[in-house]
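Visitor: Below is the file final_5.cif, which contains mmCIF, N, CA and C atoms.
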```
data_coords
loop_
_atom_site.label_atom_id
_atom_site.label_comp_id
_atom_site.auth_asym_id
_atom_site.auth_seq_id
_atom_site.Cartn_x
_atom_site.Cartn_y
_atom_site.Cartn_z
N MET M 1 53.16 34.71 52.30
CA MET M 1 54.12 35.68 51.84
C MET M 1 54.86 36.25 53.03
N VAL M 2 56.13 36.48 52.86
CA VAL M 2 56.94 37.06 53.92
C VAL M 2 57.45 38.39 53.43
N PHE M 3 57.26 39.44 54.21
CA PHE M 3 57.72 40.77 53.84
C PHE M 3 58.93 41.12 54.70
N GLU M 4 60.01 41.41 54.07
CA GLU M 4 61.22 41.80 54.80
C GLU M 4 61.68 43.14 54.26
N THR M 5 62.08 44.00 55.16
CA THR M 5 62.52 45.32 54.76
C THR M 5 63.80 45.24 53.96
N GLY M 6 63.83 45.92 52.81
CA GLY M 6 65.02 45.99 51.97
C GLY M 6 65.28 44.76 51.13
N LYS M 7 64.44 43.76 51.20
CA LYS M 7 64.65 42.56 50.41
C LYS M 7 63.49 42.35 49.46
N ALA M 8 63.70 41.54 48.45
CA ALA M 8 62.65 41.22 47.49
C ALA M 8 61.59 40.38 48.19
N LEU M 9 60.36 40.47 47.71
CA LEU M 9 59.28 39.67 48.27
C LEU M 9 59.55 38.21 47.95
N SER M 10 59.22 37.37 48.93
CA SER M 10 59.38 35.94 48.70
C SER M 10 58.20 35.22 49.32
N ASP M 11 57.94 34.03 48.80
CA ASP M 11 56.84 33.25 49.35
C ASP M 11 57.32 32.48 50.57
N SER M 12 56.47 31.63 51.13
CA SER M 12 56.82 30.90 52.35
C SER M 12 57.96 29.91 52.14
N LYS M 13 58.28 29.53 50.92
CA LYS M 13 59.37 28.60 50.64
C LYS M 13 60.66 29.32 50.31
N GLY M 14 60.61 30.64 50.38
CA GLY M 14 61.82 31.40 50.11
C GLY M 14 62.02 31.76 48.65
N LYS M 15 61.12 31.35 47.76
CA LYS M 15 61.24 31.68 46.35
C LYS M 15 60.83 33.13 46.14
N ALA M 16 61.53 33.80 45.28
CA ALA M 16 61.20 35.19 44.98
C ALA M 16 59.90 35.24 44.19
N ILE M 17 59.05 36.23 44.52
CA ILE M 17 57.80 36.42 43.80
C ILE M 17 58.08 37.37 42.64
N THR M 18 57.84 36.88 41.46
CA THR M 18 58.13 37.67 40.27
C THR M 18 56.97 38.61 39.97
N MET M 19 57.21 39.56 39.07
CA MET M 19 56.19 40.51 38.66
C MET M 19 55.00 39.78 38.05
N LYS M 20 55.28 38.71 37.32
CA LYS M 20 54.23 37.92 36.70
C LYS M 20 53.33 37.30 37.78
N ASN M 21 53.95 36.79 38.82
CA ASN M 21 53.19 36.19 39.92
C ASN M 21 52.36 37.25 40.65
N LYS M 22 52.95 38.45 40.83
CA LYS M 22 52.23 39.53 41.50
C LYS M 22 50.99 39.91 40.69
N SER M 23 51.13 40.02 39.39
CA SER M 23 50.02 40.37 38.52
C SER M 23 48.92 39.31 38.61
N PHE M 24 49.33 38.06 38.63
CA PHE M 24 48.37 36.97 38.72
C PHE M 24 47.61 37.04 40.06
N LEU M 25 48.32 37.31 41.15
CA LEU M 25 47.69 37.42 42.47
C LEU M 25 46.69 38.58 42.49
N TRP M 26 47.08 39.71 41.91
CA TRP M 26 46.17 40.87 41.85
C TRP M 26 44.94 40.54 41.00
N PHE M 27 45.15 39.82 39.93
CA PHE M 27 44.04 39.42 39.06
C PHE M 27 43.05 38.54 39.83
N ILE M 28 43.56 37.53 40.53
CA ILE M 28 42.72 36.62 41.30
C ILE M 28 41.99 37.39 42.40
N THR M 29 42.68 38.29 43.09
CA THR M 29 42.06 39.09 44.15
C THR M 29 40.93 39.94 43.59
N GLY M 30 41.19 40.59 42.45
CA GLY M 30 40.16 41.41 41.81
C GLY M 30 38.97 40.58 41.37
N LEU M 31 39.24 39.42 40.81
CA LEU M 31 38.18 38.52 40.37
C LEU M 31 37.31 38.09 41.54
N MET M 32 37.92 37.77 42.65
CA MET M 32 37.17 37.37 43.84
C MET M 32 36.32 38.54 44.34
N ALA M 33 36.87 39.74 44.33
CA ALA M 33 36.12 40.92 44.78
C ALA M 33 34.88 41.14 43.91
N VAL M 34 35.05 41.01 42.59
CA VAL M 34 33.91 41.18 41.68
C VAL M 34 32.87 40.09 41.93
N PHE M 35 33.31 38.88 42.06
CA PHE M 35 32.41 37.75 42.29
C PHE M 35 31.59 37.94 43.57
N LEU M 36 32.23 38.43 44.61
CA LEU M 36 31.55 38.60 45.89
C LEU M 36 30.59 39.78 45.90
N THR M 37 30.76 40.73 45.00
CA THR M 37 29.87 41.90 44.98
C THR M 37 28.71 41.76 44.01
N ILE M 38 28.67 40.73 43.20
CA ILE M 38 27.56 40.53 42.28
C ILE M 38 26.35 40.08 43.08
N PRO M 39 25.21 40.83 42.96
CA PRO M 39 24.03 40.42 43.71
C PRO M 39 23.42 39.15 43.14
N ARG M 40 22.78 38.40 44.01
CA ARG M 40 22.11 37.18 43.57
C ARG M 40 20.86 37.59 42.81
N THR M 41 20.70 37.06 41.62
CA THR M 41 19.50 37.35 40.84
C THR M 41 18.49 36.25 41.08
N ALA M 42 17.23 36.62 41.13
CA ALA M 42 16.17 35.64 41.37
C ALA M 42 15.99 34.75 40.15
N SER M 43 15.75 33.52 40.40
CA SER M 43 15.50 32.61 39.29
C SER M 43 14.05 32.75 38.84
N ALA M 44 13.75 32.24 37.68
CA ALA M 44 12.39 32.30 37.15
C ALA M 44 11.43 31.56 38.09
N GLN M 45 11.90 30.49 38.68
CA GLN M 45 11.06 29.72 39.59
C GLN M 45 10.71 30.56 40.82
N ASP M 46 11.69 31.30 41.37
CA ASP M 46 11.41 32.17 42.50
C ASP M 46 10.37 33.22 42.13
N GLU M 47 10.48 33.78 40.94
CA GLU M 47 9.53 34.80 40.48
C GLU M 47 8.12 34.22 40.41
N ARG M 48 7.98 33.03 39.84
CA ARG M 48 6.66 32.41 39.74
C ARG M 48 6.09 32.14 41.12
N ARG M 49 6.92 31.67 42.03
CA ARG M 49 6.47 31.38 43.38
C ARG M 49 5.97 32.66 44.04
N TYR M 50 6.67 33.77 43.83
CA TYR M 50 6.26 35.05 44.40
C TYR M 50 4.93 35.50 43.82
N GLU M 51 4.77 35.35 42.50
CA GLU M 51 3.54 35.78 41.84
C GLU M 51 2.34 34.94 42.26
N LYS M 52 2.57 33.69 42.65
CA LYS M 52 1.48 32.80 43.01
C LYS M 52 0.99 33.01 44.44
N ARG M 53 1.74 33.80 45.22
CA ARG M 53 1.29 34.03 46.59
C ARG M 53 -0.11 34.60 46.60
N GLU M 54 -0.88 34.16 47.55
CA GLU M 54 -2.25 34.65 47.62
C GLU M 54 -2.25 36.13 47.96
N GLU M 55 -3.17 36.84 47.36
CA GLU M 55 -3.35 38.26 47.64
C GLU M 55 -4.32 38.39 48.80
N SER M 56 -3.81 38.32 50.01
CA SER M 56 -4.67 38.44 51.17
C SER M 56 -4.90 39.92 51.49
N PRO M 57 -5.97 40.24 52.18
CA PRO M 57 -6.21 41.63 52.54
C PRO M 57 -5.06 42.23 53.36
N GLU M 58 -4.38 41.39 54.14
CA GLU M 58 -3.26 41.89 54.94
C GLU M 58 -2.12 42.36 54.04
N ARG M 59 -1.92 41.67 52.90
CA ARG M 59 -0.83 42.02 51.99
C ARG M 59 -1.21 43.12 51.01
N GLU M 60 -2.50 43.37 50.86
CA GLU M 60 -2.95 44.34 49.88
C GLU M 60 -2.31 45.70 50.09
N GLY M 61 -2.22 46.15 51.33
CA GLY M 61 -1.63 47.44 51.62
C GLY M 61 -0.13 47.47 51.44
N GLU M 62 0.53 46.29 51.46
CA GLU M 62 1.98 46.23 51.33
C GLU M 62 2.45 46.47 49.90
N LYS M 63 1.57 46.30 48.92
CA LYS M 63 1.97 46.39 47.52
C LYS M 63 2.31 47.82 47.11
N TYR M 64 1.84 48.77 47.86
CA TYR M 64 1.97 50.15 47.44
C TYR M 64 2.91 50.89 48.35
N GLY M 65 3.66 51.80 47.77
CA GLY M 65 4.65 52.55 48.53
C GLY M 65 4.03 53.66 49.35
N LYS M 66 4.88 54.32 50.14
CA LYS M 66 4.42 55.41 51.00
C LYS M 66 3.81 56.54 50.18
N GLU M 67 4.36 56.79 49.01
CA GLU M 67 3.84 57.87 48.17
C GLU M 67 2.39 57.58 47.78
N ASP M 68 2.08 56.32 47.41
CA ASP M 68 0.72 55.95 47.06
C ASP M 68 -0.21 56.09 48.25
N ARG M 69 0.26 55.67 49.42
CA ARG M 69 -0.56 55.76 50.63
C ARG M 69 -0.86 57.20 50.98
N SER M 70 0.15 58.05 50.95
CA SER M 70 -0.07 59.43 51.34
C SER M 70 -0.99 60.13 50.35
N ARG M 71 -1.02 59.65 49.12
CA ARG M 71 -1.89 60.23 48.11
C ARG M 71 -3.35 59.95 48.42
N LEU M 72 -3.66 58.83 49.03
CA LEU M 72 -5.04 58.46 49.34
C LEU M 72 -5.47 58.82 50.76
N GLU M 73 -4.59 58.61 51.71
CA GLU M 73 -4.97 58.80 53.11
C GLU M 73 -5.30 60.25 53.41
N GLY M 74 -6.26 60.41 54.31
CA GLY M 74 -6.58 61.74 54.79
C GLY M 74 -8.04 62.11 54.60
N THR M 75 -8.31 63.39 54.79
CA THR M 75 -9.67 63.91 54.70
C THR M 75 -10.01 64.30 53.26
N TRP M 76 -11.22 63.96 52.86
CA TRP M 76 -11.78 64.30 51.56
C TRP M 76 -13.13 64.96 51.82
N TYR M 77 -13.67 65.62 50.83
CA TYR M 77 -14.98 66.28 50.99
C TYR M 77 -15.91 65.86 49.86
N LEU M 78 -17.11 65.39 50.24
CA LEU M 78 -18.09 64.96 49.26
C LEU M 78 -18.53 66.16 48.43
N ASN M 79 -18.31 66.08 47.13
CA ASN M 79 -18.65 67.14 46.18
C ASN M 79 -18.08 68.49 46.61
N GLY M 80 -16.99 68.47 47.37
CA GLY M 80 -16.34 69.71 47.79
C GLY M 80 -17.04 70.42 48.93
N GLU M 81 -18.05 69.83 49.53
CA GLU M 81 -18.82 70.49 50.58
C GLU M 81 -18.13 70.35 51.93
N ARG M 82 -17.84 71.50 52.53
CA ARG M 82 -17.10 71.56 53.79
C ARG M 82 -17.79 70.79 54.92
N ASP M 83 -19.11 70.76 54.93
CA ASP M 83 -19.84 70.10 56.01
C ASP M 83 -20.08 68.60 55.74
N LYS M 84 -19.43 68.05 54.68
CA LYS M 84 -19.56 66.62 54.37
C LYS M 84 -18.17 65.99 54.21
N PRO M 85 -17.41 65.97 55.32
CA PRO M 85 -16.07 65.37 55.22
C PRO M 85 -16.15 63.85 55.13
N CYS M 86 -15.23 63.29 54.38
CA CYS M 86 -15.06 61.84 54.23
C CYS M 86 -13.61 61.56 54.61
N GLU M 87 -13.25 60.29 54.68
CA GLU M 87 -11.89 59.97 55.11
C GLU M 87 -11.43 58.64 54.53
N ILE M 88 -10.15 58.57 54.24
CA ILE M 88 -9.53 57.30 53.88
C ILE M 88 -8.39 57.08 54.86
N ILE M 89 -8.40 55.93 55.51
CA ILE M 89 -7.37 55.60 56.50
C ILE M 89 -6.69 54.30 56.12
N SER M 90 -5.50 54.12 56.66
CA SER M 90 -4.76 52.88 56.47
C SER M 90 -5.00 52.00 57.69
N THR M 91 -5.34 50.74 57.42
CA THR M 91 -5.56 49.78 58.51
C THR M 91 -4.63 48.59 58.30
N ARG M 92 -4.67 47.66 59.21
CA ARG M 92 -3.85 46.45 59.06
C ARG M 92 -4.21 45.69 57.79
N GLY M 93 -5.47 45.75 57.39
CA GLY M 93 -5.93 45.02 56.23
C GLY M 93 -5.82 45.78 54.92
N GLY M 94 -5.31 46.99 54.94
CA GLY M 94 -5.20 47.79 53.72
C GLY M 94 -5.75 49.18 53.96
N PHE M 95 -6.70 49.59 53.13
CA PHE M 95 -7.33 50.90 53.26
C PHE M 95 -8.77 50.75 53.65
N GLU M 96 -9.30 51.78 54.29
CA GLU M 96 -10.72 51.82 54.62
C GLU M 96 -11.22 53.22 54.31
N ALA M 97 -12.38 53.29 53.67
CA ALA M 97 -13.00 54.58 53.34
C ALA M 97 -14.20 54.79 54.25
N ARG M 98 -14.38 56.05 54.69
CA ARG M 98 -15.56 56.42 55.49
C ARG M 98 -16.24 57.58 54.78
N ASN M 99 -17.51 57.40 54.51
CA ASN M 99 -18.24 58.45 53.80
C ASN M 99 -18.74 59.52 54.76
N GLU M 100 -19.47 60.48 54.23
CA GLU M 100 -19.95 61.63 55.00
C GLU M 100 -20.95 61.23 56.09
N ARG M 101 -21.56 60.04 55.98
CA ARG M 101 -22.50 59.55 56.99
C ARG M 101 -21.82 58.68 58.04
N GLY M 102 -20.54 58.41 57.89
CA GLY M 102 -19.81 57.58 58.84
C GLY M 102 -19.78 56.11 58.46
N ASP M 103 -20.40 55.74 57.32
CA ASP M 103 -20.36 54.35 56.85
C ASP M 103 -18.95 54.06 56.35
N SER M 104 -18.47 52.85 56.64
CA SER M 104 -17.12 52.51 56.20
C SER M 104 -17.14 51.29 55.28
N SER M 105 -16.07 51.18 54.50
CA SER M 105 -15.92 50.07 53.56
C SER M 105 -14.44 49.81 53.33
N PRO M 106 -14.06 48.52 53.25
CA PRO M 106 -12.68 48.24 52.81
C PRO M 106 -12.49 48.82 51.41
N LEU M 107 -11.32 49.34 51.16
CA LEU M 107 -11.04 50.00 49.89
C LEU M 107 -9.91 49.28 49.18
N VAL M 108 -10.14 48.91 47.94
CA VAL M 108 -9.12 48.26 47.12
C VAL M 108 -8.57 49.32 46.18
N TYR M 109 -7.26 49.48 46.18
CA TYR M 109 -6.60 50.51 45.37
C TYR M 109 -5.69 49.84 44.35
N ASP M 110 -5.86 50.18 43.07
CA ASP M 110 -5.00 49.67 42.02
C ASP M 110 -4.04 50.78 41.60
N ARG M 111 -2.85 50.41 41.20
CA ARG M 111 -1.85 51.40 40.80
C ARG M 111 -2.28 52.24 39.59
N ASP M 112 -3.22 51.75 38.82
CA ASP M 112 -3.66 52.52 37.65
C ASP M 112 -4.56 53.68 38.04
N GLY M 113 -4.81 53.85 39.33
CA GLY M 113 -5.61 54.98 39.79
C GLY M 113 -7.06 54.64 40.08
N SER M 114 -7.47 53.41 39.85
CA SER M 114 -8.86 53.05 40.15
C SER M 114 -8.95 52.47 41.56
N ILE M 115 -10.09 52.70 42.18
CA ILE M 115 -10.34 52.16 43.52
C ILE M 115 -11.72 51.53 43.53
N ARG M 116 -11.95 50.71 44.55
CA ARG M 116 -13.26 50.07 44.70
C ARG M 116 -13.58 49.95 46.18
N ALA M 117 -14.73 50.50 46.55
CA ALA M 117 -15.24 50.37 47.92
C ALA M 117 -16.09 49.11 47.95
N ARG M 118 -15.57 48.06 48.54
CA ARG M 118 -16.21 46.74 48.48
C ARG M 118 -17.64 46.70 49.00
N ASP M 119 -17.90 47.42 50.09
CA ASP M 119 -19.20 47.31 50.76
C ASP M 119 -20.23 48.33 50.30
N TRP M 120 -19.90 49.20 49.40
CA TRP M 120 -20.84 50.24 48.97
C TRP M 120 -21.36 49.92 47.58
N GLU M 121 -22.67 49.89 47.46
CA GLU M 121 -23.34 49.70 46.18
C GLU M 121 -22.77 48.52 45.37
N GLY M 122 -22.51 47.42 46.06
CA GLY M 122 -22.03 46.22 45.39
C GLY M 122 -20.61 46.33 44.85
N GLY M 123 -19.80 47.19 45.43
CA GLY M 123 -18.41 47.37 44.97
C GLY M 123 -18.27 48.65 44.15
N LEU M 124 -18.60 49.76 44.74
CA LEU M 124 -18.57 51.06 44.06
C LEU M 124 -17.16 51.37 43.58
N ARG M 125 -17.04 51.67 42.30
CA ARG M 125 -15.74 51.98 41.70
C ARG M 125 -15.54 53.48 41.60
N GLY M 126 -14.27 53.86 41.65
CA GLY M 126 -13.92 55.27 41.51
C GLY M 126 -12.58 55.41 40.83
N GLU M 127 -12.32 56.60 40.32
CA GLU M 127 -11.04 56.91 39.67
C GLU M 127 -10.37 58.03 40.46
N VAL M 128 -9.10 57.81 40.82
CA VAL M 128 -8.33 58.82 41.53
C VAL M 128 -7.65 59.68 40.47
N ARG M 129 -7.94 60.97 40.50
CA ARG M 129 -7.35 61.90 39.54
C ARG M 129 -6.82 63.09 40.32
N GLY M 130 -5.56 62.99 40.72
CA GLY M 130 -4.94 64.07 41.49
C GLY M 130 -5.62 64.23 42.84
N ASP M 131 -6.20 65.40 43.08
CA ASP M 131 -6.87 65.69 44.34
C ASP M 131 -8.37 65.44 44.27
N ARG M 132 -8.78 64.54 43.39
CA ARG M 132 -10.19 64.20 43.23
C ARG M 132 -10.36 62.68 43.11
N ILE M 133 -11.47 62.21 43.64
CA ILE M 133 -11.90 60.83 43.40
C ILE M 133 -13.27 60.93 42.77
N GLU M 134 -13.39 60.44 41.56
CA GLU M 134 -14.67 60.46 40.85
C GLU M 134 -15.29 59.08 40.95
N TRP M 135 -16.38 59.00 41.72
CA TRP M 135 -17.05 57.73 41.98
C TRP M 135 -18.03 57.39 40.87
N GLY M 136 -18.27 56.11 40.68
CA GLY M 136 -19.18 55.62 39.64
C GLY M 136 -20.63 56.03 39.85
N ASN M 137 -21.01 56.45 41.06
CA ASN M 137 -22.39 56.85 41.32
C ASN M 137 -22.62 58.34 41.05
N GLY M 138 -21.60 59.01 40.48
CA GLY M 138 -21.75 60.43 40.13
C GLY M 138 -21.26 61.40 41.18
N THR M 139 -20.87 60.92 42.34
CA THR M 139 -20.33 61.82 43.37
C THR M 139 -18.83 61.96 43.19
N THR M 140 -18.29 63.01 43.82
CA THR M 140 -16.86 63.28 43.74
C THR M 140 -16.37 63.62 45.13
N TRP M 141 -15.20 63.10 45.49
CA TRP M 141 -14.52 63.51 46.71
C TRP M 141 -13.37 64.39 46.32
N THR M 142 -13.21 65.52 47.00
CA THR M 142 -12.10 66.42 46.72
C THR M 142 -11.28 66.61 47.99
N ARG M 143 -10.01 66.95 47.81
CA ARG M 143 -9.13 67.19 48.97
C ARG M 143 -9.45 68.53 49.63
N VAL M 144 -9.88 69.49 48.83
CA VAL M 144 -10.12 70.84 49.35
C VAL M 144 -11.61 71.11 49.32
N ALA M 145 -12.11 71.64 50.43
CA ALA M 145 -13.53 71.99 50.48
C ALA M 145 -13.75 73.32 49.78
N SER M 146 -14.94 73.47 49.20
CA SER M 146 -15.25 74.75 48.56
C SER M 146 -15.48 75.81 49.63
N ARG M 147 -15.49 77.06 49.24
CA ARG M 147 -15.62 78.16 50.21
C ARG M 147 -17.05 78.52 50.50
N ARG M 148 -18.00 77.75 50.03
CA ARG M 148 -19.42 78.07 50.26
C ARG M 148 -19.77 78.16 51.71
#
```
Could you rewrite the structure in this file as structure tokens?
Guide:
Amino acid sequence: MVFETGKALSDSKGKAITMKNKSFLWFITGLMAVFLTIPRTASAQDERRYEKREESPEREGEKYGKEDRSRLEGTWYLNGERDKPCEIISTRGGFEARNERGDSSPLVYDRDGSIRARDWEGGLRGEVRGDRIEWGNGTTWTRVASRR
């Protein structure tokens, strides 16, 4: 296209560009812009391939967001007792729990709120309920220690 001041628009061959041609050019330009901004959607095959990936301990911690991590990580107290602190930390392999005696175990966390300490009592299960973890052996970890 050649633009000249005070003259009608014309193409490289000197032909005048009509309003119809301008509309068509704008339509094609808009269509290209829309096409280029549409995100690529994953195919069903890509989804299956992703789901089949092995769940390695290294990837276990990646499945959960920062909000989930911050909800678990930190100091807990066995049955609310100030002198029996416990801890959950994030490691390269996921989570690790340390009880009041200093014993540690890899911790598996599910989004439904259940957890499992692999090395304790053959895979001790617990339920995370807000600021409490209720373990299957009858003990409870709380975020806040009692004032006793």
Visitor: When the PyMOL selection byres ((chain M and resi 94-96) around 5) is applied to the structure above, which residues does it catch, written out as a ChimeraX atom specification?
Guide: /M:61,88-93,97-98,105-107
Visitor: With the file shown as input, list the residues that the PyMOL selection byres ((chain M and resi 138-144) around 5) selects, as a ChimeraX atom specification.
Guide: /M:76-80,131-137,145-146
Visitor: If you measure from atom N of M:Glu127 to atom CA of M:Asp83, what distance in Å do you get, rounded to one decimal?
Guide: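 One can read the atom N of M:Glu127 to atom CA of M:Asp83 distance as 22.0 Å.
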Visitor: Atom N of M:Arg147 and atom C of M:Arg125, how far apart in Å?
Guide: 24.8 Å
Visitor: Work out how far atom N of M:Asp112 is from atom N of M:Glu73, in Å to one decimal.
Guide: 14.7 Å
